file upload-v3.tsv (TSV, C-alpha atoms)
chain	number	residue	atom	x	y	z
R	254	MET	CA	0.00	0.00	0.00
R	255	ASP	CA	1.30	3.45	-0.88
R	256	THR	CA	2.33	5.71	2.00
R	257	PRO	CA	0.39	9.02	1.97
R	258	VAL	CA	2.57	12.14	2.07
R	259	LEU	CA	1.41	15.61	3.09
R	260	LEU	CA	3.25	18.44	1.37
R	261	CYS	CA	3.56	21.92	2.88
R	262	VAL	CA	6.33	23.48	0.81
R	263	THR	CA	6.86	27.03	-0.40
R	264	GLY	CA	8.70	28.26	-3.46
R	265	PRO	CA	9.09	27.12	-7.04
R	266	ARG	CA	10.30	23.62	-6.10
R	267	GLU	CA	6.89	22.36	-5.00
R	268	PRO	CA	5.81	21.08	-8.46
R	269	GLU	CA	9.14	19.28	-8.85
R	270	LEU	CA	8.74	17.59	-5.47
R	271	VAL	CA	5.15	16.60	-6.27
R	272	ARG	CA	6.30	14.90	-9.47
R	273	ALA	CA	9.23	13.17	-7.79
R	274	ILE	CA	7.20	11.86	-4.85
R	275	SER	CA	4.27	10.81	-7.03
R	276	GLY	CA	6.63	8.89	-9.30
R	277	ALA	CA	8.38	7.07	-6.46
R	278	PRO	CA	7.26	3.51	-5.68
R	279	GLY	CA	5.36	3.23	-2.40
R	280	LEU	CA	4.72	6.98	-2.00
R	281	VAL	CA	1.75	9.14	-2.94
R	282	VAL	CA	1.03	12.85	-2.38
R	283	ALA	CA	-2.18	12.84	-0.33
R	284	ARG	CA	-2.54	16.62	0.05
R	285	ARG	CA	-0.74	19.81	-0.95
R	286	CYS	CA	-1.31	22.08	2.04
R	287	ALA	CA	-1.28	25.85	1.70
R	288	ASP	CA	-0.19	26.59	5.28
R	289	VAL	CA	0.51	25.08	8.68
R	290	THR	CA	-3.12	25.33	9.78
R	291	GLU	CA	-4.26	23.18	6.87
R	292	LEU	CA	-1.36	20.79	7.39
R	293	LEU	CA	-2.29	20.17	11.04
R	294	ALA	CA	-5.97	19.85	10.23
R	295	VAL	CA	-5.35	17.21	7.56
R	296	ALA	CA	-2.81	15.36	9.71
R	297	ALA	CA	-5.36	15.21	12.55
R	298	THR	CA	-7.66	13.16	10.30
R	299	GLY	CA	-4.93	10.52	9.87
R	300	ARG	CA	-4.62	11.11	6.12
R	301	GLY	CA	-0.84	11.47	6.17
R	302	ALA	CA	1.86	9.07	7.37
R	303	LEU	CA	4.66	11.45	6.33
R	304	ALA	CA	4.85	15.22	6.09
R	305	VAL	CA	7.29	17.33	4.06
R	306	VAL	CA	7.55	20.91	5.31
R	307	SER	CA	9.52	24.01	4.42
R	308	ALA	CA	10.74	24.35	7.97
R	309	SER	CA	12.76	27.50	7.40
R	310	HIS	CA	9.98	29.56	5.82
R	311	LEU	CA	6.61	28.57	7.25
R	312	GLY	CA	7.11	29.24	10.95
R	313	ILE	CA	7.35	25.56	11.80
R	314	ASP	CA	8.24	25.19	15.48
R	315	ARG	CA	8.63	22.29	17.85
R	316	GLU	CA	4.97	22.30	18.85
R	317	VAL	CA	3.93	21.86	15.20
R	318	VAL	CA	6.37	18.98	14.76
R	319	ASP	CA	5.16	17.43	18.01
R	320	ARG	CA	1.52	17.68	16.90
R	321	LEU	CA	2.38	15.99	13.61
R	322	HIS	CA	4.10	13.20	15.53
R	323	ARG	CA	1.06	12.80	17.80
R	324	ALA	CA	-1.06	12.50	14.67
R	325	GLY	CA	1.17	9.63	13.56
R	326	ALA	CA	3.12	11.46	10.85
R	327	GLY	CA	6.88	11.41	10.40
R	328	VAL	CA	8.34	14.81	9.53
R	329	LEU	CA	10.89	15.68	6.86
R	330	GLY	CA	12.08	19.27	7.12
R	331	ILE	CA	13.43	21.15	4.11
R	332	SER	CA	15.86	23.75	5.36
R	333	SER	CA	18.24	26.38	4.14
R	334	PRO	CA	21.89	25.39	4.79
R	335	GLU	CA	22.40	28.01	7.50
R	336	ASP	CA	19.20	26.91	9.32
R	337	ALA	CA	19.71	23.14	9.20
R	338	GLY	CA	20.88	22.84	12.81
R	339	ARG	CA	17.89	24.77	14.17
R	340	VAL	CA	15.42	22.77	12.08
R	341	ALA	CA	16.96	19.51	13.28
R	342	ALA	CA	16.55	20.72	16.86
R	343	LEU	CA	12.80	21.07	16.28
R	344	GLY	CA	12.56	17.28	16.31
R	345	CYS	CA	12.21	16.66	12.57
R	346	ASP	CA	12.87	13.01	11.75
R	347	ALA	CA	15.05	13.98	8.80
R	348	VAL	CA	16.35	17.22	7.31
R	349	VAL	CA	17.21	17.89	3.66
R	350	GLU	CA	18.72	21.16	2.51
R	351	THR	CA	16.84	23.27	-0.02
R	352	GLY	CA	19.56	22.85	-2.66
R	353	ALA	CA	19.46	19.05	-2.57
R	354	PRO	CA	17.89	17.30	-5.57
R	355	ALA	CA	14.34	16.02	-5.39
R	356	SER	CA	15.74	12.50	-5.35
R	357	ALA	CA	17.28	13.22	-1.93
R	358	VAL	CA	13.82	14.07	-0.58
R	359	VAL	CA	12.39	10.86	-2.05
R	360	GLU	CA	15.27	8.83	-0.58
R	361	ALA	CA	14.72	10.35	2.88
R	362	LEU	CA	10.97	9.68	2.71
R	363	THR	CA	11.61	6.09	1.63
R	364	ARG	CA	13.89	5.56	4.60
R	365	LEU	CA	11.37	7.10	6.98
R	366	ARG	CA	8.65	4.92	5.46
R	367	SER	CA	10.65	1.78	6.20
R	368	LEU	CA	11.07	2.57	9.90
R	369	PRO	CA	8.84	0.65	12.36
R	370	ASP	CA	7.77	3.97	13.86
R	371	VAL	CA	8.14	6.95	11.57
R	372	ALA	CA	8.03	9.29	14.54
R	373	GLU	CA	11.42	8.02	15.65
R	374	PRO	CA	14.41	10.08	14.39
R	375	GLU	CA	15.83	9.02	11.03
R	376	ARG	CA	19.61	8.91	10.87
R	377	GLY	CA	20.35	7.98	7.28
R	378	GLU	CA	22.79	9.66	4.92
R	379	ALA	CA	20.00	11.64	3.24
R	380	SER	CA	19.50	13.88	6.26
R	381	ALA	CA	21.70	16.91	6.57
R	382	ALA	CA	21.45	16.84	10.35
R	383	GLU	CA	20.13	14.53	13.04
R	384	GLY	CA	16.75	14.93	14.63
R	385	GLY	CA	16.06	16.88	17.80
R	386	PRO	CA	17.64	16.17	21.15
R	387	ARG	CA	17.01	12.72	22.59
R	388	ARG	CA	17.81	11.37	26.03
R	389	ARG	CA	21.07	9.49	26.01
R	390	GLU	CA	20.72	5.81	26.82
R	391	SER	CA	24.23	4.50	26.20
R	392	GLU	CA	26.01	3.20	29.27
R	393	GLU	CA	29.12	5.04	28.07
R	394	ALA	CA	27.32	8.39	27.88
R	395	PRO	CA	28.34	11.05	30.42
R	396	ALA	CA	26.19	11.29	33.53
R	397	ARG	CA	23.44	13.86	33.20
R	398	GLY	CA	21.61	15.97	35.71
R	399	LYS	CA	18.47	14.81	37.51
R	400	ILE	CA	14.96	16.23	37.35
R	401	VAL	CA	13.09	16.55	40.66
R	402	THR	CA	9.41	17.34	40.13
R	403	VAL	CA	7.59	18.74	43.16
R	404	TRP	CA	3.87	18.10	42.92
R	405	GLY	CA	1.09	17.96	45.43
R	406	THR	CA	-2.54	18.28	46.34
R	407	THR	CA	-4.78	21.26	45.77
R	408	GLY	CA	-5.36	23.61	48.69
R	409	SER	CA	-1.93	25.21	49.27
R	410	PRO	CA	-0.05	22.40	51.03
R	411	GLY	CA	3.22	24.35	50.83
R	412	ARG	CA	4.47	22.79	47.60
R	413	THR	CA	6.20	25.89	46.24
R	414	VAL	CA	7.97	26.66	49.50
R	415	ILE	CA	9.16	23.04	49.71
R	416	ALA	CA	10.43	23.18	46.12
R	417	ALA	CA	12.29	26.45	46.67
R	418	ASN	CA	13.98	25.33	49.87
R	419	VAL	CA	14.98	21.92	48.49
R	420	ALA	CA	16.50	23.64	45.44
R	421	ARG	CA	18.38	26.06	47.67
R	422	THR	CA	19.72	23.16	49.77
R	423	LEU	CA	20.87	21.31	46.65
R	424	SER	CA	22.66	24.45	45.42
R	425	GLU	CA	24.86	24.49	48.51
R	426	SER	CA	27.08	21.77	47.04
R	427	ALA	CA	25.97	21.22	43.44
R	428	SER	CA	24.71	23.19	40.46
R	429	ALA	CA	20.95	23.58	40.68
R	430	CYS	CA	18.10	25.20	38.80
R	431	LEU	CA	14.60	25.94	40.08
R	432	VAL	CA	11.83	26.00	37.44
R	433	ASP	CA	8.35	27.42	38.00
R	434	ALA	CA	6.24	25.30	35.63
R	435	ASP	CA	2.98	25.91	37.48
R	436	THR	CA	0.75	27.24	34.69
R	437	ARG	CA	-2.27	27.86	36.93
R	438	SER	CA	-0.89	29.56	40.05
R	439	PRO	CA	2.79	30.41	39.49
R	440	SER	CA	4.23	31.97	42.65
R	441	LEU	CA	7.99	31.43	42.88
R	442	THR	CA	8.57	35.06	41.93
R	443	GLN	CA	6.60	36.17	44.99
R	444	VAL	CA	8.12	33.55	47.30
R	445	LEU	CA	11.64	34.65	46.38
R	446	GLY	CA	10.87	38.38	46.39
R	447	LEU	CA	11.80	38.88	42.75
R	448	VAL	CA	10.56	41.71	40.58
R	449	GLU	CA	9.95	40.25	37.12
R	450	ASP	CA	8.14	41.72	34.13
R	451	SER	CA	8.77	38.66	32.00
R	452	SER	CA	8.80	34.91	32.46
R	453	GLY	CA	12.04	32.97	32.41
R	454	VAL	CA	10.39	29.64	31.71
R	455	ALA	CA	8.38	31.17	28.82
R	456	ALA	CA	11.54	32.70	27.34
R	457	ALA	CA	13.32	29.35	27.49
R	458	ALA	CA	10.26	27.59	26.03
R	459	ARG	CA	10.13	30.05	23.11
R	460	ALA	CA	13.78	29.42	22.33
R	461	ALA	CA	13.17	25.67	22.56
R	462	ALA	CA	10.12	25.83	20.30
R	463	ASN	CA	12.19	27.59	17.64
R	464	GLY	CA	15.13	25.21	17.95
R	465	ARG	CA	17.40	27.88	19.43
R	466	LEU	CA	17.74	26.83	23.07
R	467	ASP	CA	21.36	26.26	24.03
R	468	GLU	CA	23.41	26.78	27.18
R	469	VAL	CA	23.80	30.50	26.49
R	470	SER	CA	20.10	31.18	25.90
R	471	LEU	CA	19.14	29.01	28.89
R	472	ASP	CA	21.51	30.98	31.10
R	473	ARG	CA	20.09	34.23	29.73
R	474	ALA	CA	16.54	33.19	30.59
R	475	ALA	CA	17.45	32.22	34.17
R	476	ARG	CA	17.64	34.58	37.10
R	477	GLY	CA	20.45	34.17	39.64
R	478	VAL	CA	19.45	33.84	43.30
R	479	GLY	CA	22.64	33.21	45.22
R	480	ARG	CA	24.10	30.00	43.81
R	481	LEU	CA	20.71	28.96	42.46
R	482	ALA	CA	19.47	29.56	38.91
R	483	VAL	CA	15.74	30.27	38.67
R	484	LEU	CA	13.44	30.12	35.65
R	485	THR	CA	10.59	32.30	36.85
R	486	GLY	CA	6.99	31.40	36.05
R	487	LEU	CA	4.31	32.88	33.85
R	488	THR	CA	3.25	36.44	34.61
R	489	ARG	CA	-0.41	35.46	34.07
R	490	PRO	CA	-2.06	32.01	34.08
R	491	ASP	CA	-3.92	32.75	30.84
R	492	ARG	CA	-0.57	32.67	29.03
R	493	TRP	CA	-0.18	28.94	29.63
R	494	ARG	CA	0.12	28.27	25.89
R	495	GLU	CA	3.56	29.92	26.03
R	496	VAL	CA	4.86	26.80	27.79
R	497	PRO	CA	3.73	23.90	25.58
R	498	SER	CA	4.68	20.43	26.71
R	499	SER	CA	6.92	19.81	23.70
R	500	ALA	CA	8.98	22.93	24.41
R	501	LEU	CA	9.17	22.31	28.17
R	502	SER	CA	10.50	18.83	27.46
R	503	VAL	CA	13.40	20.41	25.57
R	504	VAL	CA	13.97	22.97	28.35
R	505	LEU	CA	14.25	20.20	30.94
R	506	ASP	CA	16.53	18.24	28.62
R	507	ARG	CA	18.85	21.25	28.36
R	508	CYS	CA	18.71	21.67	32.14
R	509	ARG	CA	19.98	18.10	32.48
R	510	ASP	CA	23.04	19.11	30.46
R	511	SER	CA	23.68	22.29	32.45
R	512	TYR	CA	22.82	21.48	36.06
R	513	ASP	CA	23.28	18.62	38.47
R	514	TRP	CA	19.76	19.09	39.82
R	515	THR	CA	16.69	20.73	38.34
R	516	VAL	CA	13.74	21.19	40.70
R	517	VAL	CA	10.42	21.77	38.95
R	518	ASP	CA	7.40	23.21	40.74
R	519	VAL	CA	4.18	22.19	38.97
R	520	THR	CA	0.44	22.67	39.28
R	521	GLY	CA	-1.12	20.65	42.08
R	522	GLY	CA	-3.86	18.06	41.74
R	523	TRP	CA	-4.59	15.72	38.87
R	524	GLU	CA	-7.28	15.75	36.23
R	525	GLU	CA	-7.31	13.70	33.05
R	526	ASP	CA	-6.86	15.80	29.92
R	527	GLU	CA	-10.18	15.85	28.07
R	528	GLY	CA	-8.79	17.32	24.86
R	529	ASP	CA	-8.43	15.58	21.52
R	530	GLY	CA	-4.76	14.82	22.15
R	531	LEU	CA	-3.64	16.92	19.18
R	532	GLY	CA	-3.91	20.50	20.42
R	533	PRO	CA	-2.01	21.86	23.43
R	534	ALA	CA	-3.16	20.42	26.76
R	535	ARG	CA	-4.11	22.87	29.51
R	536	ASP	CA	-1.94	21.05	32.03
R	537	GLY	CA	0.62	19.77	29.55
R	538	ALA	CA	3.46	21.38	31.50
R	539	ARG	CA	2.55	19.38	34.60
R	540	GLU	CA	2.25	16.16	32.62
R	541	THR	CA	5.64	16.76	31.01
R	542	ALA	CA	7.33	17.48	34.33
R	543	LEU	CA	5.83	14.32	35.84
R	544	ARG	CA	6.91	12.25	32.85
R	545	GLU	CA	10.47	13.63	32.83
R	546	ALA	CA	11.02	13.31	36.58
R	547	ASP	CA	13.76	11.15	38.03
R	548	VAL	CA	12.41	11.88	41.51
R	549	LEU	CA	8.76	12.77	42.19
R	550	VAL	CA	8.11	14.64	45.42
R	551	THR	CA	4.41	14.64	46.34
R	552	VAL	CA	3.37	17.20	48.96
R	553	GLY	CA	0.30	17.27	51.17
R	554	ALA	CA	-0.72	19.24	54.25
R	555	ALA	CA	-0.68	17.74	57.76
R	556	ASP	CA	-4.32	18.24	58.68
R	557	PRO	CA	-7.36	15.99	58.25
R	558	VAL	CA	-8.38	17.61	54.95
R	559	GLY	CA	-4.83	17.73	53.62
R	560	VAL	CA	-4.09	14.10	54.48
R	561	TRP	CA	-7.37	12.98	52.88
R	562	ARG	CA	-6.50	14.91	49.71
R	563	LEU	CA	-3.03	13.39	49.71
R	564	VAL	CA	-4.37	9.85	50.05
R	565	GLU	CA	-6.76	10.50	47.15
R	566	LEU	CA	-4.00	11.99	44.98
R	567	LEU	CA	-1.65	9.09	45.63
R	568	SER	CA	-4.39	6.69	44.52
R	569	VAL	CA	-4.88	8.37	41.12
R	570	ARG	CA	-1.38	9.65	40.32
R	571	PRO	CA	0.05	8.56	36.98
R	572	ARG	CA	2.54	5.72	37.14
R	573	THR	CA	6.03	6.80	36.14
R	574	SER	CA	9.54	5.43	36.48
R	575	ALA	CA	10.43	8.17	38.96
R	576	ARG	CA	11.48	7.40	42.51
R	577	ASP	CA	8.69	8.55	44.87
R	578	VAL	CA	9.14	10.71	47.94
R	579	VAL	CA	6.07	11.72	49.96
R	580	VAL	CA	6.16	14.87	52.09
R	581	VAL	CA	3.62	16.19	54.55
R	582	SER	CA	4.10	19.83	55.49
R	583	LYS	CA	2.70	22.22	58.10
R	584	SER	CA	2.70	19.54	60.79
R	585	ARG	CA	1.35	20.86	64.11
R	586	SER	CA	-0.36	19.40	67.14
R	587	GLY	CA	-3.32	21.75	66.97
R	588	VAL	CA	-4.96	19.80	64.13
R	589	THR	CA	-3.45	16.32	64.49
R	590	GLY	CA	-3.11	15.78	68.25
R	591	PRO	CA	-0.15	15.66	70.63
R	592	SER	CA	2.01	13.46	68.35
R	593	PRO	CA	1.56	14.98	64.90
R	594	GLN	CA	4.33	13.06	63.15
R	595	HIS	CA	3.09	9.71	64.46
R	596	ALA	CA	-0.53	10.53	63.58
R	597	VAL	CA	0.28	11.60	60.02
R	598	LYS	CA	2.58	8.66	59.31
R	599	GLU	CA	0.07	6.19	60.75
R	600	ALA	CA	-2.73	7.59	58.54
R	601	LEU	CA	-0.61	7.45	55.38
R	602	SER	CA	0.59	3.95	56.17
R	603	ARG	CA	-2.95	2.72	56.79
R	604	PHE	CA	-4.78	4.41	53.91
R	605	ALA	CA	-2.07	4.91	51.25
R	606	GLY	CA	0.52	2.24	52.01
R	607	VAL	CA	3.21	4.90	52.51
R	608	GLY	CA	5.51	4.01	55.37
R	609	ASP	CA	8.37	6.45	54.89
R	610	ALA	CA	6.75	9.87	54.50
R	611	ILE	CA	8.79	12.89	55.56
R	612	VAL	CA	6.93	15.23	57.91
R	613	VAL	CA	7.89	18.91	57.95
R	614	PRO	CA	6.97	20.79	61.16
R	615	TYR	CA	5.09	24.05	60.73
R	616	ASP	CA	7.56	26.76	61.72
R	617	ARG	CA	5.15	29.58	61.10
R	618	GLN	CA	7.44	32.33	62.31
R	619	GLY	CA	10.36	31.09	60.26
R	620	PHE	CA	8.35	30.63	57.05
R	621	ASP	CA	6.57	33.98	57.50
R	622	THR	CA	9.88	35.79	57.97
R	623	ALA	CA	11.36	34.09	54.91
R	624	LEU	CA	8.32	35.05	52.83
R	625	LEU	CA	8.40	38.64	54.09
R	626	GLN	CA	12.09	38.94	53.18
R	627	GLY	CA	11.79	37.01	49.93
R	628	THR	CA	14.42	34.48	50.94
R	629	PHE	CA	14.90	30.90	52.13
R	630	LEU	CA	14.25	29.34	55.53
R	631	ALA	CA	17.97	28.63	56.03
R	632	ASP	CA	18.72	32.36	55.80
R	633	VAL	CA	16.32	33.40	58.57
R	634	ALA	CA	15.91	30.33	60.80
R	635	PRO	CA	19.04	28.12	60.57
R	636	ASP	CA	18.05	26.20	63.71
R	637	SER	CA	14.47	25.53	62.63
R	638	ALA	CA	13.10	22.02	63.01
R	639	ALA	CA	11.40	22.54	59.62
R	640	LEU	CA	14.79	23.20	58.04
R	641	ALA	CA	16.12	19.95	59.53
R	642	ALA	CA	13.23	18.13	57.88
R	643	ILE	CA	14.01	19.84	54.56
R	644	TYR	CA	17.60	18.61	54.81
R	645	GLN	CA	16.21	15.14	55.48
R	646	LEU	CA	14.00	15.51	52.41
R	647	THR	CA	16.98	16.60	50.31
R	648	GLU	CA	18.89	13.52	51.41
R	649	ALA	CA	15.92	11.37	50.39
R	650	VAL	CA	15.88	13.10	46.98
R	651	THR	CA	19.60	12.60	46.36
R	652	GLY	CA	20.04	9.27	48.08
R	653	GLY	CA	22.34	11.02	50.54
R	654	ARG	CA	24.87	11.97	47.87
R	655	ILE	CA	25.27	15.28	46.06
R	656	GLY	CA	27.88	15.45	43.31
R	657	VAL	CA	29.40	18.63	41.91
R	658	ARG	CA	29.71	19.01	38.13
R	659	ARG	CA	29.52	21.47	35.27
R	660	ARG	CA	28.55	24.96	36.38
R	661	ALA	CA	28.45	24.27	40.10
R	662	LEU	CA	29.24	27.01	42.60
R	663	ARG	CA	29.06	29.79	40.04
R	664	GLY	CA	28.13	32.25	42.73
R	665	ARG	CA	25.62	34.27	40.69
R	666	ARG	CA	23.83	36.90	42.74
R	667	VAL	CA	20.61	38.80	42.39
R	668	PRO	CA	21.45	42.35	41.24
call {"tool": "encode", "arguments": {"input": "upload-v3.tsv", "output": "structure tokens"}}
result
Amino acid sequence: MDTPVLLCVTGPREPELVRAISGAPGLVVARRCADVTELLAVAATGRGALAVVSASHLGIDREVVDRLHRAGAGVLGISSPEDAGRVAALGCDAVVETGAPASAVVEALTRLRSLPDVAEPERGEASAAEGGPRRRESEEAPARGKIVTVWGTTGSPGRTVIAANVARTLSESASACLVDADTRSPSLTQVLGLVEDSSGVAAAARAAANGRLDEVSLDRAARGVGRLAVLTGLTRPDRWREVPSSALSVVLDRCRDSYDWTVVDVTGGWEEDEGDGLGPARDGARETALREADVLVTVGAADPVGVWRLVELLSVRPRTSARDVVVVSKSRSGVTGPSPQHAVKEALSRFAGVGDAIVVPYDRQGFDTALLQGTFLADVAPDSAALAAIYQLTEAVTGGRIGVRRRALRGRRVP
């Protein structure tokens, strides 16, 4: 059966490519699309197994390539020579330069057609550059940084404060980045007392979507807070489309290359995405951060409502390969009885099967002072019992070991 090809190509070469593809055995031009909107609409119907796009001229970004992949279409990008690297970074399965003969396009399509899954990157001689970044799996590959996703229940359990203080603790002896990927209630800027007119995570996501995110642009998007790099969150929740899941995946991948530890604060709760699976998902950033996590820290509050919400969340959370750490914050005797740690741990063990939860005491004065000053608990209450629990949590995250690599101890300061 012939493989249907969608064509979205500009310039005088389109008729030549149509003839070459139509004359090739096993390939057929299913649709000549006028623009990206038409291309995505046709791909969503399943009418194309392969797509040929003028990636340098039509505003193709990583989200478009990702949507084509989700529709089951492999993507061949046609690129100008000077733009080949950027187009490859968008995740195209193969890239052919504009000056290459039509036979090179046919050869690349034939190779993509023969792959078991056309959405996997094609690495044949016909491509001018390899596909977008992929996670290294070779045992000989250099060690990469770890992603720690901090998630939790609804109802303000203290997730953001936990994320910020764990990241700060990690930065004491390793390179660390804190990412605000909460697209509903971003608040790291307020917690850290930063004055920001723009979003660091959105800037990094834009660069990633356009295939231009590298170490320099990632560093430019981040804000320095002591030894910690921070990608601040969205300035308004209604701008959530500026952090699509495909772009955030690339941002986190770059963070792995640049930092020993990347702590990601994400939207709390869990609801199944009710979209069609082709357009951007409202909570795609959260889903991406959960999927990419090496360690998943789930936070709940130490009161009857908070523990009930935590038990419910743990029962419906998506299953990932991440190592799980459960944290219960704001522990105090006033709502749990005279032995709050014992009461909370007993409830989680009985109703959620969690026997090793970390309980963080509620040092209200310490946390309030830190929030007022826009700083971390260690800076205002070094003897706090809550800080001791955060160090215990950090040891659980790292396995008790923190290595120093790459850009550790850079000593960047807030201006």
call {"tool": "residues_around", "arguments": {"input": "upload-v3.tsv", "residues": "Val432 in chain R", "least_positions_apart": "3", "cutoff": "7 Å", "atoms": "only C-alpha atoms", "output": "MDAnalysis selection string"}}
result
chainID R and resid 454 483:485 516:518
call {"tool": "residues_around", "arguments": {"input": "upload-v3.tsv", "residues": "Gly627 in chain R", "least_positions_apart": "2", "cutoff": "10 Å", "atoms": "only C-alpha atoms", "output": "tab-separated table (two decimals) with C-alpha atoms, in the coordinates of the input"}}
result
chain	number	residue	atom	x	y	z
R	441	LEU	CA	7.99	31.43	42.88
R	442	THR	CA	8.57	35.06	41.93
R	443	GLN	CA	6.60	36.17	44.99
R	444	VAL	CA	8.12	33.55	47.30
R	445	LEU	CA	11.64	34.65	46.38
R	446	GLY	CA	10.87	38.38	46.39
R	447	LEU	CA	11.80	38.88	42.75
R	621	ASP	CA	6.57	33.98	57.50
R	622	THR	CA	9.88	35.79	57.97
R	623	ALA	CA	11.36	34.09	54.91
R	624	LEU	CA	8.32	35.05	52.83
R	625	LEU	CA	8.40	38.64	54.09
R	629	PHE	CA	14.90	30.90	52.13
R	630	LEU	CA	14.25	29.34	55.53
call {"tool": "atom_distance", "arguments": {"input": "upload-v3.tsv", "atom1": "CA of Arg576 in chain R", "atom2": "CA of Val548 in chain R"}}
result
4.7 Å
call {"tool": "closest_residue", "arguments": {"input": "upload-v3.tsv", "among": "R:Val519, R:Ala416, R:Val503, R:Val359", "to": "Ala434 in chain R", "atoms": "only C-alpha atoms"}}
result
R:Val519
call {"tool": "atom_distance", "arguments": {"input": "upload-v3.tsv", "atom1": "CA of Pro533 in chain R", "atom2": "CA of Glu316 in chain R"}}
result
8.4 Å
call {"tool": "closest_residue", "arguments": {"input": "upload-v3.tsv", "among": "R:Thr628, R:Ser451, R:Ser470, R:Thr407", "to": "Arg507 in chain R", "atoms": "only C-alpha atoms"}}
result
R:Ser470
call {"tool": "build_atoms", "arguments": {"input": "upload-v3.tsv", "residues": "range 341-357 of chain R", "atoms": "N, CA and C atoms", "output": "short mmCIF file (atom, residue, chain, number, x, y, z; two decimals), keeping the file's coordinate frame"}}
result
data_model
loop_
_atom_site.label_atom_id
_atom_site.label_comp_id
_atom_site.auth_asym_id
_atom_site.auth_seq_id
_atom_site.Cartn_x
_atom_site.Cartn_y
_atom_site.Cartn_z
N ALA R 341 16.77 20.84 12.68
CA ALA R 341 16.96 19.51 13.28
C ALA R 341 16.57 19.51 14.75
N ALA R 342 16.86 20.63 15.44
CA ALA R 342 16.55 20.72 16.86
C ALA R 342 15.05 20.79 17.12
N LEU R 343 14.25 21.05 16.11
CA LEU R 343 12.80 21.07 16.28
C LEU R 343 12.23 19.67 16.46
N GLY R 344 13.03 18.65 16.17
CA GLY R 344 12.56 17.28 16.31
C GLY R 344 12.16 16.64 15.00
N CYS R 345 12.50 17.28 13.86
CA CYS R 345 12.21 16.66 12.57
C CYS R 345 12.92 15.31 12.48
N ASP R 346 12.29 14.34 11.85
CA ASP R 346 12.87 13.01 11.75
C ASP R 346 13.98 12.95 10.72
N ALA R 347 13.98 13.87 9.79
CA ALA R 347 15.05 13.98 8.80
C ALA R 347 15.06 15.41 8.29
N VAL R 348 16.22 15.87 7.84
CA VAL R 348 16.35 17.22 7.31
C VAL R 348 17.10 17.15 5.99
N VAL R 349 16.57 17.80 4.97
CA VAL R 349 17.21 17.89 3.66
C VAL R 349 17.35 19.37 3.31
N GLU R 350 18.50 19.76 2.84
CA GLU R 350 18.72 21.16 2.51
C GLU R 350 17.99 21.53 1.22
N THR R 351 17.64 22.80 1.11
CA THR R 351 16.84 23.27 -0.02
C THR R 351 17.53 23.03 -1.36
N GLY R 352 18.85 23.04 -1.39
CA GLY R 352 19.56 22.85 -2.66
C GLY R 352 19.72 21.41 -3.09
N ALA R 353 19.32 20.47 -2.22
CA ALA R 353 19.46 19.05 -2.57
C ALA R 353 18.48 18.68 -3.67
N PRO R 354 18.81 17.71 -4.51
CA PRO R 354 17.89 17.30 -5.57
C PRO R 354 16.64 16.66 -5.01
N ALA R 355 15.60 16.63 -5.82
CA ALA R 355 14.34 16.02 -5.39
C ALA R 355 14.52 14.56 -5.03
N SER R 356 15.49 13.91 -5.66
CA SER R 356 15.74 12.50 -5.35
C SER R 356 16.18 12.30 -3.90
N ALA R 357 16.87 13.32 -3.33
CA ALA R 357 17.28 13.22 -1.93
C ALA R 357 16.06 13.24 -1.01
#
